[in-house]
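Working notes, beginning with the structure itself.
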Amino acid sequence: MRKTLLVLVGITIALVLASCALLSWSQPSVKVYLTDAVLPIENVERILVTIDRILLLSEDATVVVSDEATTVNLLDLVGQELYVGSVPEGTYGQLRFEISSATITVSGTDYPLRISSGSLKYNLQGFHVTAGTSIVLDFDLSRSIKVTGSATSSEHGNNPVQYHMTPVIHVRYGQLYDITGRVVQNDQGLAHALVALFETRQPSPTAVTLTHKASAHWQAGEFKLCKVQPSDYELKIYTNWQSAQDPEYIFELTPATTLTVTVKDKDVNLGDINIQ
């Protein structure tokens with residue numbers, strides 16, 4: 001039976017375009033970052049990806065954003081930003097990550113993470129990059145990583161477990177701001193709750209993340225939604241999201257808590273959010 005592994009990742013690029021994969025403009029070039037690799041379900045320990053090159057393609061030319069091979073643990077990028085290069089202003093049709101290797105570690109076992117054609121591609125549909133704004137490419141790995149096979153069948157050499165990644169990416173652009181907060185239950189920070197941000201009356205989320213477990217950088221229950229546009233939103237917190245039979249329908253679950261959030265001209269800190 002086919003299953004989907006919930007993982008969220010974001011990537012940012014400083015362009016006139018819009019995790020968060022974040023894009024932000026600065027004259028005279030566009031800066032590119034990796035950001036907001038979201039902590040997945042508890043038994044996923046690492047997602048290591050070696051990126052050989054990052055390219056922006058236009059009708060006239062191919063611009064090399066970075067050609068220095070970099071190995072990144074996507075789970076270390078939760079709520080963080082990693083600068084990886086710059087590009088000139090222009091009109092681009094595709095962003096491409098050339099990847100030489102990728103592995104996912106689940107319950108202490110390393111598995112190859114298969115990527116079609118050895119690259120991740122995102123069609124920008126003729127985005128014109130100019131200085132003075134930000135662009136975010138938010139990799140939704142809840143639908144980007146597919147799991148086939150089972151541990152039982154793997155032991156017998158039939159239909160072994162395989163992990164496949166095909167990127168599902170959301171784009172945000174303009175003047176962008178962060179939303180932070182902490183989910184608390186019974187006076188304790190709650191790790192691994194699913195936090196989703198919806199624009200008013202929109203069925204699909206604009207951004208999704210999971211709350212952190214306690215670490216040197218985060219309190220238990222803290223979360224950060226990277227770089228969202230000014231708007232009115234509903235923020236929904238799901239504590240039983242793993243009960244969904246198909247991750248495509250996670251957001252049809254009844255959330256434990258729903259908040260109204262307005263983003264205008266600055267970052268928003270929601271503080272402690274107490275749920276039942």
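Residues in the structure tokens are named by chain (A, B, ... in the order shown) and by number from 1 within that chain; ligands are numbered from 1 in the order shown.
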message = I need the residues of stretch 65-274 of chain A that end up classed as helix (DSSP H, G or I) by DSSP on the backbone, written out as an MDAnalysis selection string.
response = chainID A and resid 74:77 116:118 151:155 241:243 247:252
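Between A:His192 and the candidates A:Gln175, A:Asn43, A:Ser231, A:Thr254, the tightest atom-to-atom separation, counting only C-alpha atoms, involves A:Asn43.
Proximity to A:Leu194 was assessed for A:Ala256, A:Ile145, A:Val261, A:Val228 counting only C-alpha atoms; the smallest distance is recorded for A:Ala256.
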request  = Name the residues in contact with A:Glu234 at a cut-off of 6 Å, using only C-alpha atoms, excluding same-chain residues fewer than 2 positions from it; report them as a VMD selection string.
outcome  = chain A and resid 197 to 198 259 to 261
note = From atom CA of A:Leu225 to atom CA of A:Lys266 the spacing works out at 13.4 Å
inquiry  = as a PyMOL selection string, please: the residues near stretch 122-124 of chain A (cut-off 6 Å, only C-alpha atoms, same-chain neighbours under 5 positions excluded).
reply    = chain A and resi 93-95
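Residues with any atom within 9 Å of stretch 267-271 of chain A, counting only C-alpha atoms and excluding same-chain neighbours fewer than 4 positions away, are Leu176, Tyr177, Asp178, Ile179, Thr180, Gly181, Arg182, Val183, Lys227, Val261, Thr262 and Val263 of chain A.
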key: Which residue of A:Lys224, A:Arg96, A:Lys213, A:Arg114 approaches A:Lys146 most closely, using only C-alpha atoms   = A:Arg114
